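Everything below concerns the one structure shown next.
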2 protein chains.
Amino acid sequence: MTAQSEPSTVPASRITISVDAMGGDAGPTAVVAGIAISAAKNPDIRFILHGPSDRLKPLVAKKRILADRVEFHDASEVVSMEDKPSQVMRNGKNTSMWSAVESVKNGEAAGAVSCGNTGALMAISMIRLRKLPGVNRPAIAILWPSRNPQGFNVMLDVGADVRADAKDLLQYALMGTSYTRNSMDIPRPRVGLLNVGTEEHKGHAELKEAYTLIADHADRGNFEFVGFVEGSDIPGSTADVIVTDGFTGNVAIKTGEGTASLIRETLRESFMYSILSRLAALFALPSLNRLSKKIDPRRVNGGVFLGLNGTIVKSHGGADATGVSAAVKLAFLLAQQGFAEKLAARVASSVELTQSEPDRDPTRATEH
Amino acid sequence: MTAQSEPSTVPASRITISVDAMGGDAGPTAVVAGIAISAAKNPDIRFILHGPSDRLKPLVAKKRILADRVEFHDASEVVSMEDKPSQVMRNGKNTSMWSAVESVKNGEAAGAVSCGNTGALMAISMIRLRKLPGVNRPAIAILWPSRNPQGFNVMLDVGADVRADAKDLLQYALMGTSYTRNSMDIPRPRVGLLNVGTEEHKGHAELKEAYTLIADHADRGNFEFVGFVEGSDIPGSTADVIVTDGFTGNVAIKTGEGTASLIRETLRESFMYSILSRLAALFALPSLNRLSKKIDPRRVNGGVFLGLNGTIVKSHGGADATGVSAAVKLAFLLAQQGFAEKLAARVASSVELTQSEPDRDPTRATEH
């Protein structure tokens, strides 16, 4: 199946996004402020807001732009950051997070956004939405600031599962390609497989197996395989999609985020150093703002769960209104593109590919 | 064995550092300029310079500060960045890199510095210096800019070996602790084990095993175990030593370096944006220089190979004179501290610890 035969986009006027109002560090006030920003920018968006209605209704009433655009689903309990996914799966039915996923399951909403506990959100999404047929491990994909013209690279998995075998990594390549095609204007994304060096002999045996598998599927999957890439290529321009297991991906993004935040702090301290440097900061402000905007993590807030029957966007736990609004925008964009259906079609076609594996020309592997 | 019983420091006047003049991206000119900086700052340092003497002698002759302080070991061949470690092990005897390691093996130098191919340098170091008794996998430790008072954290392994089991990770904790004690003024370093979350139930089974093993050895190893840490703690203030396998460590540092360099570039572009912003840059220059100095990778240039009979410092391949000088300074400092002997003593004591494992009180594991 090719891009041409994928379903067409959904009319925007129909799009409702399900939003978990609770569970983020900044509380429901930031979430309501975030959906108000989205509502102001986008007349075609509606919301279902999940949480304790008696707390949420007064917050929403204060935002005129939200009038008649929010439906409330009352949920008295909240998943905390400390809750274990297994506990939430058993006892979480009355939580705002569960309710938010349920709206996607029921078809009331085209996608859901939550700032809450990632592990719990993935666990609820798995049992309520179920994995797409043919997907072994779902993945979380994020956008990372990069030197590429589109300004970002897609990286997956960043923490849905700490393990991934060669076939899982192939699935990530296919799902990441589909996500990139639907969230950016890149018809034939370049895929790189994360390793400790770019030479073919480097890394674990499993990675070498994944290398061959991904190379074999590049043409039929309509992506370009650039081979092994390194950590420095995550913010680089070598690939548009970085494929890795959830353990490595999670450590990599947290290291990158931590380093960026250390630099931001150090920059601020440098400019607070003396009266003269504070004065200089005034002159430098427009330039510093340009930098901030380019590397602002809130602009690319939202990890997308790939491989499920439905679109779930995990916003950063510490997201403020701007961050929540960015996650909502992403969920809206993917709904508008009919991404869930396209991804299902893509994965179904890849299952055929993988199943036809034994019949493929055995000489092919040596071409790569 | 405790820090008190470790051998005392070596008189500085005796210290000779073996330097591979070839193999770096910037060539021997940068290496000679680098050792000249070190020589100017440190009257007690001497050098053995390895490479084609006919090329090196004229370069050294131009630096008056190096007069009578450099011995030349002629080596006609050079290890390139593309050479495979296995090839270099078989056919590399006439290379400058091999010769540089040989001077440590012979006891002519107290440590060696090379800007060349990391894999080849580790392979040569392994076969010439041999692993310390009790060390299964040597590790490469680096310093990473952090929020800690000392300004840096130690992280290992960043790429000596892509695999590490629980016992290897314990060795890394012990070697990293010893390195931290000898390169910074931290008597009881805090050790963190890198994972995807700080909760004890997260991550691979092997990491949970390592968690118990490291926790059990903290008191006798004279370090504090802070448990699991995340990628964001590598530049953070939670731990002084970050322990991980070489695959994860390598991806993490390259992601961090890549992100830092993207921010540097973006900052430069922001200030080059308009005539006004270029003017602002002039005012902001002292502040920007303070930032640069704090996060300058050249200041912490040098990965140290731990677990071998001898000190080898791997300088960044792209190091300029400042970077080479930083790597030389590190090799000198470690030699002055008698680090190689202290590390051997530390590892020997840990072998006893690990071997006495079955006799330990079985209730201990539950304390942690």
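Chain identifiers are assigned as A, B, and so on, following the order in which chains appear in the structure tokens; residues are numbered from 1 within each chain, and ligands are numbered from 1 in order of appearance.
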Select all residues from chain B having any atom no more than 8 Å from an atom of chain A (counting only C-alpha atoms, ignoring ligands), output as a tab-separated table (two decimals) with N, CA, C and O atoms, in the first residue's frame.
```tsv
chain	number	residue	atom	x	y	z
B	146	SER	N	28.47	20.08	34.68
B	146	SER	CA	27.30	19.79	35.51
B	146	SER	C	27.02	20.93	36.48
B	146	SER	O	27.80	21.87	36.60
B	147	ARG	N	25.89	20.81	37.18
B	147	ARG	CA	25.49	21.80	38.18
B	147	ARG	C	26.20	21.57	39.52
B	147	ARG	O	25.96	22.31	40.46
B	159	GLY	N	32.03	4.16	25.91
B	159	GLY	CA	32.24	3.54	24.61
B	159	GLY	C	33.36	2.53	24.49
B	159	GLY	O	33.71	2.12	23.38
B	162	VAL	N	30.30	-2.10	24.18
B	162	VAL	CA	28.86	-1.85	24.09
B	162	VAL	C	28.06	-2.66	25.10
B	162	VAL	O	26.92	-2.35	25.38
B	194	LEU	N	22.63	4.84	35.73
B	194	LEU	CA	21.77	5.45	34.70
B	194	LEU	C	20.64	4.51	34.29
B	194	LEU	O	20.87	3.35	33.96
B	195	ASN	N	19.41	5.04	34.31
B	195	ASN	CA	18.24	4.26	33.96
B	195	ASN	C	17.20	5.20	33.34
B	195	ASN	O	17.45	6.39	33.19
B	196	VAL	N	16.03	4.65	33.00
B	196	VAL	CA	14.98	5.48	32.38
B	196	VAL	C	14.05	6.11	33.41
B	196	VAL	O	13.08	6.77	33.05
B	203	GLY	N	13.36	-0.30	34.32
B	203	GLY	CA	14.55	-0.71	33.58
B	203	GLY	C	14.74	-2.20	33.41
B	203	GLY	O	13.91	-3.00	33.82
B	204	HIS	N	15.85	-2.58	32.77
B	204	HIS	CA	16.19	-3.97	32.50
B	204	HIS	C	16.45	-4.75	33.80
B	204	HIS	O	16.87	-4.16	34.80
B	230	GLU	N	18.65	9.57	35.94
B	230	GLU	CA	18.17	9.68	34.56
B	230	GLU	C	19.14	10.50	33.72
B	230	GLU	O	20.07	11.11	34.25
B	231	GLY	N	18.89	10.54	32.41
B	231	GLY	CA	19.74	11.31	31.51
B	231	GLY	C	19.93	12.76	31.97
B	231	GLY	O	21.02	13.32	31.84
B	232	SER	N	18.87	13.33	32.53
B	232	SER	CA	18.96	14.73	32.97
B	232	SER	C	19.92	14.91	34.14
B	232	SER	O	20.34	16.03	34.43
B	233	ASP	N	20.27	13.81	34.84
B	233	ASP	CA	21.21	13.92	35.96
B	233	ASP	C	22.67	13.92	35.50
B	233	ASP	O	23.56	14.19	36.31
B	234	ILE	N	22.93	13.60	34.24
B	234	ILE	CA	24.32	13.62	33.75
B	234	ILE	C	24.87	15.05	33.87
B	234	ILE	O	25.97	15.23	34.39
B	235	PRO	N	24.12	16.08	33.44
B	235	PRO	CA	24.59	17.45	33.71
B	235	PRO	C	24.03	17.99	35.04
B	235	PRO	O	24.13	19.18	35.29
B	236	GLY	N	23.44	17.15	35.86
B	236	GLY	CA	22.76	17.61	37.07
B	236	GLY	C	23.63	17.58	38.32
B	236	GLY	O	24.86	17.49	38.23
B	247	PHE	N	27.34	1.47	25.41
B	247	PHE	CA	26.42	1.83	24.33
B	247	PHE	C	25.61	3.06	24.74
B	247	PHE	O	25.61	4.08	24.05
B	248	THR	N	24.94	2.94	25.89
B	248	THR	CA	24.10	4.04	26.37
B	248	THR	C	24.93	5.30	26.63
B	248	THR	O	24.54	6.40	26.26
B	250	ASN	N	27.77	6.22	25.32
B	250	ASN	CA	28.25	6.84	24.09
B	250	ASN	C	27.15	7.63	23.40
B	250	ASN	O	27.36	8.76	22.95
B	251	VAL	N	25.95	7.04	23.31
B	251	VAL	CA	24.82	7.76	22.69
B	251	VAL	C	24.51	9.02	23.50
B	251	VAL	O	24.31	10.10	22.93
B	252	ALA	N	24.52	8.88	24.84
B	252	ALA	CA	24.17	10.03	25.69
B	252	ALA	C	25.14	11.18	25.49
B	252	ALA	O	24.71	12.32	25.27
B	253	ILE	N	26.46	10.91	25.52
B	253	ILE	CA	27.38	12.06	25.41
B	253	ILE	C	27.33	12.67	24.02
B	253	ILE	O	27.41	13.88	23.86
B	254	LYS	N	27.14	11.84	23.01
B	254	LYS	CA	27.08	12.41	21.66
B	254	LYS	C	25.79	13.23	21.47
B	254	LYS	O	25.80	14.22	20.75
B	255	THR	N	24.70	12.81	22.09
B	255	THR	CA	23.46	13.59	22.03
B	255	THR	C	23.65	14.92	22.74
B	255	THR	O	23.26	15.98	22.23
B	256	GLY	N	24.27	14.85	23.92
B	256	GLY	CA	24.52	16.08	24.68
B	256	GLY	C	25.44	17.02	23.92
B	256	GLY	O	25.16	18.22	23.81
B	257	GLU	N	26.54	16.49	23.37
B	257	GLU	CA	27.46	17.33	22.60
B	257	GLU	C	26.78	17.95	21.39
B	257	GLU	O	26.97	19.12	21.09
B	258	GLY	N	25.98	17.12	20.69
B	258	GLY	CA	25.30	17.60	19.50
B	258	GLY	C	24.30	18.70	19.83
B	258	GLY	O	24.19	19.69	19.10
B	259	THR	N	23.59	18.52	20.93
B	259	THR	CA	22.61	19.52	21.34
B	259	THR	C	23.30	20.82	21.73
B	259	THR	O	22.89	21.91	21.32
B	260	ALA	N	24.42	20.70	22.49
B	260	ALA	CA	25.17	21.90	22.88
B	260	ALA	C	25.69	22.62	21.64
B	260	ALA	O	25.63	23.85	21.56
B	262	LEU	N	24.43	22.55	18.59
B	262	LEU	CA	23.29	23.16	17.90
B	262	LEU	C	22.91	24.49	18.56
B	262	LEU	O	22.63	25.49	17.88
B	263	ILE	N	22.92	24.51	19.90
B	263	ILE	CA	22.58	25.74	20.61
B	263	ILE	C	23.63	26.82	20.34
B	263	ILE	O	23.28	27.98	20.08
B	266	THR	N	23.03	28.18	16.91
B	266	THR	CA	21.80	28.97	16.86
B	266	THR	C	22.02	30.32	17.53
B	266	THR	O	21.54	31.35	17.06
B	267	LEU	N	22.78	30.30	18.64
B	267	LEU	CA	23.09	31.54	19.34
B	267	LEU	C	23.88	32.48	18.42
B	267	LEU	O	23.57	33.66	18.30
B	270	SER	N	21.64	33.86	15.81
B	270	SER	CA	20.73	34.87	16.39
B	270	SER	C	21.41	36.22	16.44
B	270	SER	O	20.79	37.25	16.19
B	271	PHE	N	22.70	36.22	16.80
B	271	PHE	CA	23.42	37.48	16.92
B	271	PHE	C	23.90	38.02	15.57
B	271	PHE	O	24.28	39.17	15.46
B	273	TYR	N	21.91	38.01	12.97
B	273	TYR	CA	20.64	38.20	12.29
B	273	TYR	C	20.52	39.56	11.60
B	273	TYR	O	20.05	39.66	10.47
B	277	SER	N	21.57	43.41	15.87
B	277	SER	CA	21.91	42.28	16.74
B	277	SER	C	23.43	42.06	16.76
B	277	SER	O	23.98	41.59	17.75
B	280	ALA	N	24.60	44.40	19.29
B	280	ALA	CA	24.28	43.87	20.61
B	280	ALA	C	25.29	42.80	21.02
B	280	ALA	O	25.67	42.69	22.19
B	281	ALA	N	25.75	42.03	20.04
B	281	ALA	CA	26.71	40.97	20.33
B	281	ALA	C	27.99	41.53	20.94
B	281	ALA	O	28.60	40.92	21.82
B	283	PHE	N	28.24	44.17	22.87
B	283	PHE	CA	27.97	44.43	24.29
B	283	PHE	C	27.89	43.13	25.08
B	283	PHE	O	28.30	43.06	26.24
B	284	ALA	N	27.34	42.10	24.44
B	284	ALA	CA	27.09	40.85	25.14
B	284	ALA	C	28.32	39.96	25.21
B	284	ALA	O	28.33	38.94	25.90
B	286	PRO	N	31.35	39.81	26.68
B	286	PRO	CA	31.90	39.26	27.93
B	286	PRO	C	31.00	38.17	28.53
B	286	PRO	O	31.49	37.15	28.99
B	287	SER	N	29.69	38.38	28.47
B	287	SER	CA	28.76	37.39	29.01
B	287	SER	C	28.80	36.10	28.20
B	287	SER	O	28.80	34.99	28.74
B	288	LEU	N	28.85	36.26	26.87
B	288	LEU	CA	28.89	35.08	26.01
B	288	LEU	C	30.19	34.31	26.22
B	288	LEU	O	30.22	33.09	26.18
B	290	ARG	N	31.82	34.16	29.06
B	290	ARG	CA	31.68	33.42	30.32
B	290	ARG	C	30.93	32.12	30.09
B	290	ARG	O	31.29	31.08	30.62
B	291	LEU	N	29.87	32.20	29.25
B	291	LEU	CA	29.12	30.99	28.92
B	291	LEU	C	30.01	29.97	28.22
B	291	LEU	O	30.09	28.81	28.59
B	294	LYS	N	32.44	28.16	30.42
B	294	LYS	CA	31.80	27.17	31.29
B	294	LYS	C	31.47	25.88	30.54
B	294	LYS	O	31.60	24.79	31.08
B	295	ILE	N	31.01	26.03	29.30
B	295	ILE	CA	30.57	24.82	28.59
B	295	ILE	C	31.54	24.42	27.47
B	295	ILE	O	31.23	23.56	26.65
```
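Those residues of segment 16-92 of chain B that DSSP, working from the backbone, places in strand (DSSP E or B) are Thr16, Ile17, Ser18, Val19, Asp20, Arg46, Phe47, Ile48, Leu49, His50, Gly51, Val70, Glu71, Phe72, His73, Asp74 and Glu77 of chain B.
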Looking only at the backbone, which of the residues in segment 163-276 of chain B does DSSP tag as alpha helix (DSSP H), as a ChimeraX atom specification?
/B:166-183,205-217,246-271,275-276
Long-range neighbours of Val70 of chain B as a PyMOL selection string, 8 Å cut-off, only C-alpha atoms, 5 positions minimum in chain
chain B and resi 46-49
With C-alpha atoms retained, write the just-selected residues as an mmCIF file, in the first residue's frame.
```cif
data_model
loop_
_atom_site.group_PDB
_atom_site.id
_atom_site.type_symbol
_atom_site.label_atom_id
_atom_site.label_comp_id
_atom_site.auth_asym_id
_atom_site.auth_seq_id
_atom_site.Cartn_x
_atom_site.Cartn_y
_atom_site.Cartn_z
ATOM 1 C CA ARG B 46 58.574 16.316 29.933
ATOM 2 C CA PHE B 47 57.383 14.644 26.727
ATOM 3 C CA ILE B 48 58.060 11.693 24.487
ATOM 4 C CA LEU B 49 56.628 12.564 21.075
#
```
Might you pull out every residue within 7 Å of Met97 of chain A, with only C-alpha atoms counted and same-chain residues fewer than 2 positions away left off, and present them as a PyMOL selection string?
chain A and resi 20+79+95+99-101+114+121
So which residues touch Arg137 of chain B within 12 Å, counting only C-alpha atoms, skipping near sequence neighbours fewer than 6 positions away, as a compact mmCIF listing (two decimals) with all heavy atoms, in the first residue's frame?
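Saved as result_1.txt:
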```txt
# COMPACT_ATOMS: atom_id res chain seq x y z
N MET B 122 42.08 1.77 22.23
CA MET B 122 41.68 0.83 23.28
C MET B 122 42.25 -0.56 22.99
O MET B 122 42.75 -1.25 23.89
CB MET B 122 40.15 0.79 23.40
CG MET B 122 39.60 -0.14 24.47
SD MET B 122 40.31 0.05 26.13
CE MET B 122 39.17 1.20 26.90
N ALA B 123 42.20 -0.98 21.72
CA ALA B 123 42.70 -2.31 21.36
C ALA B 123 44.19 -2.43 21.63
O ALA B 123 44.65 -3.41 22.23
CB ALA B 123 42.39 -2.59 19.88
N MET B 126 44.81 -2.46 25.38
CA MET B 126 44.44 -3.75 25.97
C MET B 126 45.55 -4.79 25.77
O MET B 126 45.93 -5.48 26.71
CB MET B 126 43.15 -4.28 25.34
CG MET B 126 41.93 -3.48 25.66
SD MET B 126 40.93 -4.25 26.95
CE MET B 126 40.00 -5.41 25.95
N ARG B 130 47.52 -4.65 29.10
CA ARG B 130 46.73 -5.72 29.75
C ARG B 130 45.76 -5.13 30.78
O ARG B 130 46.01 -4.07 31.36
CB ARG B 130 47.62 -6.77 30.44
CG ARG B 130 48.54 -7.51 29.49
CD ARG B 130 47.80 -8.62 28.78
NE ARG B 130 48.58 -9.10 27.63
CZ ARG B 130 48.07 -9.88 26.68
NH1 ARG B 130 46.80 -10.26 26.74
NH2 ARG B 130 48.80 -10.27 25.67
N LYS B 131 44.68 -5.86 30.97
CA LYS B 131 43.69 -5.44 31.96
C LYS B 131 44.22 -5.67 33.37
O LYS B 131 45.03 -6.58 33.60
CB LYS B 131 42.40 -6.26 31.77
CG LYS B 131 41.68 -5.97 30.47
CD LYS B 131 40.36 -6.68 30.37
CE LYS B 131 40.54 -8.16 30.04
NZ LYS B 131 39.25 -8.82 29.72
N LEU B 156 30.96 6.99 33.07
CA LEU B 156 31.59 5.85 32.44
C LEU B 156 30.60 4.69 32.35
O LEU B 156 29.69 4.66 33.16
CB LEU B 156 32.86 5.42 33.20
CG LEU B 156 32.73 4.68 34.55
CD1 LEU B 156 34.08 4.08 34.89
CD2 LEU B 156 32.24 5.57 35.68
N ASP B 157 30.70 3.84 31.41
CA ASP B 157 31.58 3.78 30.26
C ASP B 157 30.95 4.58 29.12
O ASP B 157 29.75 4.51 28.92
CB ASP B 157 31.77 2.31 29.88
CG ASP B 157 32.54 2.08 28.61
OD1 ASP B 157 33.41 2.91 28.26
OD2 ASP B 157 32.27 1.08 27.92
N GLY B 159 32.03 4.16 25.91
CA GLY B 159 32.24 3.54 24.61
C GLY B 159 33.36 2.53 24.49
O GLY B 159 33.71 2.12 23.38
N ALA B 160 33.95 2.08 25.62
CA ALA B 160 34.98 1.05 25.51
C ALA B 160 34.36 -0.27 25.06
O ALA B 160 34.92 -1.00 24.25
CB ALA B 160 35.69 0.86 26.85
N ASP B 161 33.15 -0.57 25.56
CA ASP B 161 32.49 -1.83 25.25
C ASP B 161 30.99 -1.59 25.20
O ASP B 161 30.45 -0.93 26.08
CB ASP B 161 32.82 -2.86 26.35
CG ASP B 161 32.59 -4.29 25.88
OD1 ASP B 161 31.53 -4.56 25.28
OD2 ASP B 161 33.48 -5.12 26.11
N VAL B 162 30.30 -2.10 24.18
CA VAL B 162 28.86 -1.85 24.09
C VAL B 162 28.06 -2.66 25.10
O VAL B 162 26.92 -2.35 25.38
CB VAL B 162 28.29 -2.12 22.66
CG1 VAL B 162 28.85 -1.10 21.68
CG2 VAL B 162 28.55 -3.53 22.19
N ARG B 163 28.68 -3.71 25.67
CA ARG B 163 27.96 -4.51 26.67
C ARG B 163 28.52 -4.25 28.06
O ARG B 163 29.67 -3.84 28.22
CB ARG B 163 28.14 -6.00 26.37
CG ARG B 163 27.49 -6.46 25.09
CD ARG B 163 28.27 -7.62 24.52
NE ARG B 163 29.68 -7.24 24.30
CZ ARG B 163 30.64 -8.07 23.96
NH1 ARG B 163 30.39 -9.35 23.82
NH2 ARG B 163 31.87 -7.63 23.76
N ALA B 164 27.71 -4.51 29.09
CA ALA B 164 28.17 -4.50 30.47
C ALA B 164 27.15 -5.25 31.31
O ALA B 164 25.97 -4.94 31.25
CB ALA B 164 28.33 -3.07 30.98
N ASP B 165 27.60 -6.27 32.05
CA ASP B 165 26.66 -6.95 32.94
C ASP B 165 26.73 -6.30 34.34
O ASP B 165 27.45 -5.32 34.55
CB ASP B 165 26.91 -8.46 32.97
CG ASP B 165 28.26 -8.82 33.58
OD1 ASP B 165 28.87 -7.97 34.27
OD2 ASP B 165 28.70 -9.96 33.37
N ALA B 166 25.97 -6.86 35.27
CA ALA B 166 25.86 -6.24 36.59
C ALA B 166 27.24 -6.10 37.28
O ALA B 166 27.54 -5.07 37.88
CB ALA B 166 24.90 -7.04 37.46
N LYS B 167 28.08 -7.13 37.16
CA LYS B 167 29.40 -7.06 37.80
C LYS B 167 30.30 -6.02 37.15
O LYS B 167 31.09 -5.36 37.82
CB LYS B 167 30.08 -8.44 37.76
CG LYS B 167 29.53 -9.38 38.82
CD LYS B 167 30.45 -10.56 39.06
CE LYS B 167 29.90 -11.42 40.19
NZ LYS B 167 30.71 -12.61 40.45
N ASP B 168 30.18 -5.89 35.81
CA ASP B 168 30.94 -4.84 35.12
C ASP B 168 30.51 -3.46 35.63
O ASP B 168 31.36 -2.59 35.87
CB ASP B 168 30.69 -4.89 33.60
CG ASP B 168 31.18 -6.19 32.98
OD1 ASP B 168 32.21 -6.72 33.45
OD2 ASP B 168 30.54 -6.68 32.02
N LEU B 169 29.20 -3.28 35.81
CA LEU B 169 28.70 -1.98 36.26
C LEU B 169 29.19 -1.68 37.68
O LEU B 169 29.52 -0.54 38.01
CB LEU B 169 27.17 -1.93 36.18
CG LEU B 169 26.60 -1.99 34.74
CD1 LEU B 169 25.08 -2.18 34.75
CD2 LEU B 169 26.96 -0.73 33.94
N LEU B 170 29.30 -2.72 38.52
CA LEU B 170 29.89 -2.53 39.85
C LEU B 170 31.35 -2.09 39.73
O LEU B 170 31.79 -1.15 40.41
CB LEU B 170 29.80 -3.83 40.67
CG LEU B 170 30.61 -3.85 41.98
CD1 LEU B 170 30.12 -2.78 42.96
CD2 LEU B 170 30.56 -5.23 42.64
N GLN B 171 32.11 -2.76 38.84
CA GLN B 171 33.50 -2.36 38.61
C GLN B 171 33.58 -0.90 38.17
O GLN B 171 34.46 -0.15 38.60
CB GLN B 171 34.14 -3.24 37.51
CG GLN B 171 34.56 -4.62 37.97
CD GLN B 171 35.81 -4.59 38.82
OE1 GLN B 171 36.40 -3.54 39.04
NE2 GLN B 171 36.22 -5.75 39.32
N TYR B 172 32.67 -0.49 37.27
CA TYR B 172 32.67 0.90 36.79
C TYR B 172 32.44 1.85 37.97
O TYR B 172 33.06 2.91 38.05
CB TYR B 172 31.59 1.12 35.73
CG TYR B 172 31.76 0.35 34.44
CD1 TYR B 172 30.77 0.37 33.45
CD2 TYR B 172 32.92 -0.39 34.18
CE1 TYR B 172 30.91 -0.33 32.27
CE2 TYR B 172 33.06 -1.09 32.99
CZ TYR B 172 32.05 -1.07 32.04
OH TYR B 172 32.18 -1.76 30.86
N MET B 175 35.75 1.94 39.90
CA MET B 175 36.81 2.64 39.16
C MET B 175 36.46 4.13 39.02
O MET B 175 37.34 4.99 39.15
CB MET B 175 37.00 2.00 37.78
CG MET B 175 37.49 0.54 37.86
SD MET B 175 38.17 -0.11 36.28
CE MET B 175 36.76 -0.01 35.18
N ASP B 245 26.43 1.40 30.74
CA ASP B 245 27.15 0.61 29.74
C ASP B 245 27.65 1.51 28.62
O ASP B 245 27.15 2.63 28.43
CB ASP B 245 26.24 -0.48 29.19
CG ASP B 245 25.09 0.10 28.39
OD1 ASP B 245 24.06 0.44 29.00
OD2 ASP B 245 25.21 0.24 27.17
N GLY B 246 28.63 1.02 27.86
CA GLY B 246 29.28 1.84 26.83
C GLY B 246 28.38 2.24 25.68
O GLY B 246 28.61 3.27 25.04
N PHE B 305 41.06 5.91 30.01
CA PHE B 305 40.82 4.47 29.97
C PHE B 305 41.06 3.92 31.37
O PHE B 305 42.17 4.03 31.90
CB PHE B 305 41.79 3.78 28.99
CG PHE B 305 41.54 4.11 27.54
CD1 PHE B 305 40.56 5.01 27.16
CD2 PHE B 305 42.30 3.50 26.55
CE1 PHE B 305 40.32 5.30 25.82
CE2 PHE B 305 42.08 3.78 25.20
CZ PHE B 305 41.09 4.69 24.84
N LEU B 306 40.05 3.31 31.95
CA LEU B 306 40.17 2.76 33.31
C LEU B 306 40.15 1.23 33.26
O LEU B 306 39.38 0.64 32.51
CB LEU B 306 39.01 3.25 34.18
CG LEU B 306 38.90 4.76 34.39
CD1 LEU B 306 37.68 5.10 35.23
CD2 LEU B 306 40.16 5.31 35.04
N GLY B 307 41.00 0.62 34.08
CA GLY B 307 41.00 -0.84 34.18
C GLY B 307 42.19 -1.48 33.50
O GLY B 307 42.23 -2.69 33.32
N LEU B 308 43.17 -0.64 33.12
CA LEU B 308 44.39 -1.16 32.47
C LEU B 308 45.60 -0.90 33.37
O LEU B 308 45.54 -0.08 34.29
CB LEU B 308 44.61 -0.44 31.14
CG LEU B 308 43.47 -0.53 30.13
CD1 LEU B 308 43.72 0.43 28.97
CD2 LEU B 308 43.35 -1.97 29.60
```
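The residue set within 10 Å of Thr180 of chain A, counting only C-alpha atoms and dropping same-chain residues fewer than 2 places from it, reads A:Ala141, A:Leu143, A:Asn153, A:Val154, A:Met155, A:Leu174, A:Met175, A:Gly176, A:Thr177, A:Ser178, A:Asn182, A:Ser183, A:Met184, A:Asp185, A:Ile186, A:Pro187, A:Arg188, A:Pro189, A:Arg190, A:Asp240, A:Val241.
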Once you have the residues from the selection above, write them out as a PDB file, in the first residue's frame, restricted to C-alpha atoms.
```pdb
ATOM      1  CA  ALA A 141       7.761   9.404  19.093  1.00  0.00           C
ATOM      2  CA  LEU A 143      10.167  15.908  17.822  1.00  0.00           C
ATOM      3  CA  ASN A 153      13.734  15.364  13.714  1.00  0.00           C
ATOM      4  CA  VAL A 154      11.402  12.582  14.774  1.00  0.00           C
ATOM      5  CA  MET A 155      12.856  10.117  17.277  1.00  0.00           C
ATOM      6  CA  LEU A 174       7.767   2.316   9.360  1.00  0.00           C
ATOM      7  CA  MET A 175       5.639   4.044  12.005  1.00  0.00           C
ATOM      8  CA  GLY A 176       8.142   6.909  12.339  1.00  0.00           C
ATOM      9  CA  THR A 177       8.121   7.370   8.571  1.00  0.00           C
ATOM     10  CA  SER A 178       4.338   7.546   8.495  1.00  0.00           C
ATOM     11  CA  ASN A 182       1.805  13.266   8.262  1.00  0.00           C
ATOM     12  CA  SER A 183       3.224  15.878  10.626  1.00  0.00           C
ATOM     13  CA  MET A 184       5.742  17.499   8.224  1.00  0.00           C
ATOM     14  CA  ASP A 185       5.955  18.003   4.478  1.00  0.00           C
ATOM     15  CA  ILE A 186       8.513  15.238   3.803  1.00  0.00           C
ATOM     16  CA  PRO A 187       7.301  12.701   1.233  1.00  0.00           C
ATOM     17  CA  ARG A 188      10.297  10.339   1.537  1.00  0.00           C
ATOM     18  CA  PRO A 189      11.822  10.671   5.016  1.00  0.00           C
ATOM     19  CA  ARG A 190      15.413   9.612   5.692  1.00  0.00           C
ATOM     20  CA  ASP A 240      14.661  12.926   9.578  1.00  0.00           C
ATOM     21  CA  VAL A 241      13.689   9.884  11.655  1.00  0.00           C
TER      22      VAL A 241
END
```
Contacts of Ser315 of chain B within 12 Å, only C-alpha atoms, excl. fewer than 3 positions in-chain, as a PyMOL selection string:
chain B and resi 19-26+31+34+112-118+121+140-143+297-305+312+318-331
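Proximity of B:Phe339, B:Tyr179, B:Tyr211, B:Phe152 to Ala139 of chain B, computed with only C-alpha atoms, is greatest for B:Tyr179.
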So how far away is atom CA of Gly111 of chain B from atom CA of Thr311 of chain B, in Å?
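Computing it gives 4.7 Å between the two atoms.
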